[in-house]
Amino acid sequence: MLSADFSTKLLCNLTRIRHISVDCCKNSCIAYTGAYAELYSCLFCRHARQNTKNIPFRTFDYISLTHRLRLQFANKERAQSLKDYPQSLEDNLWNGVWDYWDSRLHQKHKRRGFFKDPRDLALSVSADGVDLFNVGKYSVWPLVITPLNVDPRERVKKHNLMLCGIIPGPKNPRDIHSFLRPLIDELKELANGISDVYNASTGTNFTLRAHLVLVTADLPAMSKLMGISGHGSYNHCRFCTAQGVYAGHVYCPLRTPHDTPQESAFNYDPANLTLRNNATYRHVANETLECENYNPNARQKPIYGVAQYSVFYELDTIDFPRSFPVDVMHLVFQNVVPKMYLWWTGTFLGSDENELGNEDELAMSKKTWREIGAEMEGSIKTIPSSFGKALRNIYLYSGSYKASEWSNFLLHYSSALLHVQHRGQHRLRRDLFEHFGKLVTAVSLAIDYDISHEDISNIKTLLVEFVSDYEKLYYQYKAERISACLATFHLLLHLHESLADCGPAWVFWQFPCERIVGMLKPLVKNRSQGNRNLSLAILRQEQFNHLHFATSSWSPPKCQPKPRGPSYTRDFDDHTYSFLHPRTHATLLPEGATYLANYYANIFGCTTQEILVNNDFNMAIIKWGRCLLSGDPDGIASQWLELRRDSGQARISSVVRLSQLSDTGQTITQYGKVIYFFIHEFRGTDQMLVYVQIYRTRDYSLEFGCSQPDKIIRVERQGPFEVVGITAIDEGVGIMNVADKEYILVRRQMFDTDDGETPGENA
């Protein structure tokens, strides 16, 4: 077995991926690059750059991007895929956006002459401040590059996210642009073209070009990266010229309070805000911030909201502000939804509700929230693992909810939990429930795999109404309630622009960056060596991720684990279905035989009796416990399997959604419980079948005020048993028990966000 040291050296020699060390301030204020390159001490904290032996107190370890891209193009499969995926979207234009590649921003870049070569790469960069330790402040800033040429389902995997290093801690950088200088300089070289790069898919050399097109971060980090005054200033919005109102803090209403003097009052139209533009941003940055008399340390009012010269101005493919899209993860899941929860618990304005309710009439009582928390705990077993983390009682644990939990609450649980009527009254007041439903619908559309232009128009309408009605319902245009008007609610008005400019929300949300954060934190054991430990760990990880590009003698292990025990797999219509262990040979009961005969009769256009007396029909089956659907790593269980288990903590995953054709050729959607999966041989062919009990359901969504169907689907009663083909199953669904009623929860499909995210800083 190779020693750890030898393995590290071998990785380095095979991949030739190494650090480039840049001197930086011991307190993380600046990196000694650009205008700071010749300094002997930090301009901000005055700490010396080097010790008496001329050794820098701290370094920023940067990992070259160009060499890693060379390695990727030296791999035949990777080089081909980097070209094929964007080309597939170019060849299949439609009335909407599938990805960045058919967004308005990309079309603008093409008109300006970029991306002429189908091998050109589009890149996104993410940065975020991360506290490494639970006690005390110790912040580092990972710099994560995402190659947008990679297929989305692979793009978000950890091995495809390229780390350029971390801006070291313990403190946040005072000038983050000095740390970005090595990256920006390299990106400028990549934009101009790197000649003689070997392309293994064609066996020829070519000129490699890569362009940074998107920058993603939460609000505080975005302000630093853009060099703008940020959400706490009068120029709070990076997208429009709306001004804030000062009331001990800058707030962002569309309309000033009722008692505002006429000369300072305003009333913005949320559907027609005056947008900022790239030309003005760049003019202010170049003409004002770069002039000789400009003092970056002086307190002066920013012009156009531009407070600092951003190194991103040096990249021609960065459009201010369109290249800095709205991040749904931080904006909605970590800010807007938790803030709505504070309103409904009566704590947004710092009030302390009593047992009976809140005099503000916007909150539900503590008793109601305890009921909701208990219902969430009681539904843990009936929400399958495909929904993510197990449910936690929101009343007890909302303070530690992560982004994925708030997203589940918004998209899956809130509609059923908040609408329940008691003595003719909704838990959440009817108008508040309908108002929140607009946010649920808009976000559901925004995170879809593909978004039509009609969807984008609907998202704009929904969010304009949501923000406008939010001010009517919660702010009420009262000066004492103006703290309701946070910048995060205003930014919802610009989400539709980011979708049209950059693609669906999953293209630029921060979940992948947060996954990297989840990977980094366990690598640090103590503060004294925290920066060095992380830098070395990141370097080894990047070397390991690129090892299969550097040598053909090694290939990465398959991510999909092999099923334990026997399995049976077949393909239908380009989809793979697998029956998994446990299995047993069994004989159909007479009732089951009738259901099976009904299934064959519908297929072959004959009577059930004709099937039962057919010599090819027999009662022998092979019963299976689980099924793995194509693209679903969790799979679907059966009642037969669940009854075999020690069901103490097991999560039930046997309830499914089915789609079948009616006699008139229309698709009928049904829900039911899988009793078992089975193989039956008929007329010389093995049939993959499902024995299922159909539920009688009713969709109450629109009736109860939801903005879209399939949000509140109540199970009215259990229905008949049926046998269906395996292709009838669409997906597994959940069951939530609310007020002694069962509600179907249809999982909202999202690209992988697994457990890597950590609670982020509230923007």
# chains A, B, ... in the order shown; residues from 1 in each chain; ligands from 1
$ select_by_dssp --residues "region 364-597 of chain A" --states "strand (DSSP E or B)" --output "number ranges by chain"
A: 421-422, 425-426, 451-452, 567-572, 575-587
$ write_last_selection --atoms "N, CA and C atoms" --output "short mmCIF file (atom, residue, chain, number, x, y, z; two decimals), in the first residue's frame"
data_model
loop_
_atom_site.label_atom_id
_atom_site.label_comp_id
_atom_site.auth_asym_id
_atom_site.auth_seq_id
_atom_site.Cartn_x
_atom_site.Cartn_y
_atom_site.Cartn_z
N GLN A 421 -58.87 24.27 7.81
CA GLN A 421 -59.93 25.06 8.42
C GLN A 421 -60.35 24.45 9.75
N HIS A 422 -60.59 25.32 10.71
CA HIS A 422 -61.10 24.88 12.01
C HIS A 422 -62.25 25.81 12.37
N GLN A 425 -62.61 28.61 9.98
CA GLN A 425 -61.50 29.54 9.87
C GLN A 425 -60.25 28.82 9.37
N HIS A 426 -59.49 29.50 8.47
CA HIS A 426 -58.21 28.96 8.04
C HIS A 426 -57.18 29.12 9.15
N ILE A 451 -37.81 26.66 -18.72
CA ILE A 451 -38.82 27.68 -18.47
C ILE A 451 -39.18 28.34 -19.79
N SER A 452 -40.45 28.35 -20.09
CA SER A 452 -40.90 29.03 -21.32
C SER A 452 -40.96 30.53 -21.07
N SER A 567 -31.38 -8.76 -8.74
CA SER A 567 -32.14 -7.68 -9.35
C SER A 567 -32.58 -8.12 -10.73
N TYR A 568 -33.57 -7.42 -11.28
CA TYR A 568 -34.08 -7.70 -12.62
C TYR A 568 -34.26 -6.35 -13.29
N THR A 569 -33.62 -6.14 -14.45
CA THR A 569 -33.60 -4.83 -15.11
C THR A 569 -34.01 -4.96 -16.57
N ARG A 570 -34.85 -4.00 -17.00
CA ARG A 570 -35.22 -3.92 -18.42
C ARG A 570 -35.39 -2.45 -18.80
N ASP A 571 -35.28 -2.18 -20.09
CA ASP A 571 -35.46 -0.84 -20.62
C ASP A 571 -36.77 -0.76 -21.39
N PHE A 572 -37.50 0.34 -21.15
CA PHE A 572 -38.73 0.62 -21.89
C PHE A 572 -38.69 2.08 -22.31
N HIS A 575 -36.07 4.33 -20.93
CA HIS A 575 -36.03 4.44 -19.47
C HIS A 575 -35.73 3.06 -18.89
N THR A 576 -34.92 3.06 -17.85
CA THR A 576 -34.51 1.80 -17.22
C THR A 576 -35.30 1.56 -15.94
N TYR A 577 -35.78 0.35 -15.77
CA TYR A 577 -36.53 -0.05 -14.58
C TYR A 577 -35.86 -1.30 -13.99
N SER A 578 -35.66 -1.27 -12.68
CA SER A 578 -35.01 -2.41 -12.02
C SER A 578 -35.84 -2.84 -10.82
N PHE A 579 -36.14 -4.14 -10.75
CA PHE A 579 -36.72 -4.71 -9.55
C PHE A 579 -35.58 -5.18 -8.66
N LEU A 580 -35.67 -4.87 -7.38
CA LEU A 580 -34.57 -5.14 -6.47
C LEU A 580 -35.00 -6.05 -5.33
N HIS A 581 -33.98 -6.68 -4.71
CA HIS A 581 -34.13 -7.54 -3.54
C HIS A 581 -34.94 -6.83 -2.46
N PRO A 582 -35.78 -7.56 -1.70
CA PRO A 582 -35.95 -9.01 -1.67
C PRO A 582 -36.91 -9.52 -2.76
N ARG A 583 -36.81 -10.81 -3.02
CA ARG A 583 -37.70 -11.45 -3.98
C ARG A 583 -38.10 -12.81 -3.44
N THR A 584 -39.21 -13.32 -3.97
CA THR A 584 -39.65 -14.66 -3.60
C THR A 584 -40.58 -15.19 -4.69
N HIS A 585 -40.59 -16.48 -4.85
CA HIS A 585 -41.54 -17.12 -5.77
C HIS A 585 -42.88 -17.25 -5.04
N ALA A 586 -43.97 -16.91 -5.72
CA ALA A 586 -45.28 -16.92 -5.09
C ALA A 586 -46.34 -17.34 -6.10
N THR A 587 -47.53 -17.60 -5.58
CA THR A 587 -48.67 -17.96 -6.42
C THR A 587 -49.78 -16.94 -6.20
#
$ residues_around --residues "region 435-442 of chain A" --least-positions-apart "3" --cutoff "10 Å" --atoms "only C-alpha atoms" --output "JSON, numbers by chain"
{"A": [332, 336, 337, 340, 407, 409, 410, 411, 412, 414, 415, 428, 429, 430, 431, 432, 445, 446, 447, 455, 456, 458, 459, 460, 461, 462, 463, 464, 465, 466, 467, 469, 470, 473, 492, 495, 496, 701, 705, 706, 707, 708, 709, 711]}
$ write_last_selection --atoms "C-alpha atoms" --output "tab-separated table (two decimals), in the first residue's frame"
chain	number	residue	atom	x	y	z
A	332	VAL	CA	-36.09	32.97	-1.09
A	336	VAL	CA	-38.08	35.57	2.33
A	337	VAL	CA	-39.64	32.32	3.59
A	340	MET	CA	-42.80	35.16	6.41
A	407	SER	CA	-37.39	25.02	0.30
A	409	PHE	CA	-41.54	23.84	3.53
A	410	LEU	CA	-42.27	26.34	0.76
A	411	LEU	CA	-42.71	23.92	-2.13
A	412	HIS	CA	-44.14	20.82	-0.45
A	414	SER	CA	-46.81	24.80	3.51
A	415	SER	CA	-49.90	24.50	1.32
A	428	LEU	CA	-53.50	31.19	8.07
A	429	ARG	CA	-55.93	33.92	7.18
A	430	ARG	CA	-57.41	33.29	3.73
A	431	ASP	CA	-56.00	36.44	2.10
A	432	LEU	CA	-52.55	35.77	3.60
A	445	LEU	CA	-41.87	27.75	-12.03
A	446	ALA	CA	-38.48	29.44	-11.59
A	447	ILE	CA	-36.63	26.29	-10.51
A	455	ASP	CA	-43.60	31.07	-17.62
A	456	ILE	CA	-41.21	34.00	-17.16
A	458	ASN	CA	-46.23	34.59	-15.29
A	459	ILE	CA	-43.41	34.67	-12.74
A	460	LYS	CA	-43.11	38.42	-13.17
A	461	THR	CA	-46.86	38.90	-12.71
A	462	LEU	CA	-46.97	36.67	-9.63
A	463	LEU	CA	-44.00	38.32	-7.93
A	464	VAL	CA	-45.16	41.85	-8.75
A	465	GLU	CA	-48.46	40.99	-7.11
A	466	PHE	CA	-46.73	39.24	-4.21
A	467	VAL	CA	-44.48	42.22	-3.39
A	469	ASP	CA	-49.71	42.85	-1.77
A	470	TYR	CA	-47.00	42.19	0.81
A	473	LEU	CA	-50.94	43.34	4.02
A	492	LEU	CA	-38.05	39.36	-5.96
A	495	LEU	CA	-36.03	37.42	-10.47
A	496	HIS	CA	-37.79	37.18	-13.84
A	701	SER	CA	-55.71	23.39	-4.44
A	705	GLY	CA	-56.84	29.51	-2.78
A	706	CYS	CA	-53.62	28.03	-4.19
A	707	SER	CA	-52.32	29.61	-7.39
A	708	GLN	CA	-51.71	26.24	-9.05
A	709	PRO	CA	-53.16	22.70	-8.94
A	711	LYS	CA	-50.68	21.49	-4.09
$ closest_residue --among "A:Cys627, A:Trp94, A:Ala210, A:Asp99" --to "Phe114 (chain A)" --atoms "only C-alpha atoms"
A:Ala210
$ select_by_dssp --residues "region 384-576 of chain A" --states "helix (DSSP H, G or I)" --output "PyMOL selection string"
chain A and resi 385-387+394-400+403-419+430-446+453-475+479-484+487-502+505-508+511-523+530-545+547-550
$ residues_around --residues "Trp98 (chain A)" --least-positions-apart "3" --cutoff "7 Å" --atoms "only C-alpha atoms" --output "list in words"
Asp102, Tyr449, Asp450, Ile451, Gly503 and Pro504 of chain A
$ residues_around --residues "region 379-395 of chain A" --least-positions-apart "6" --cutoff "10 Å" --atoms "only C-alpha atoms" --output "VMD selection string"
chain A and resid 341 345 366 368 to 373 401 to 402 404 to 406 408 to 409 412 to 413 632 to 637 647 to 655 731 to 738 742 744 to 749 753 to 755
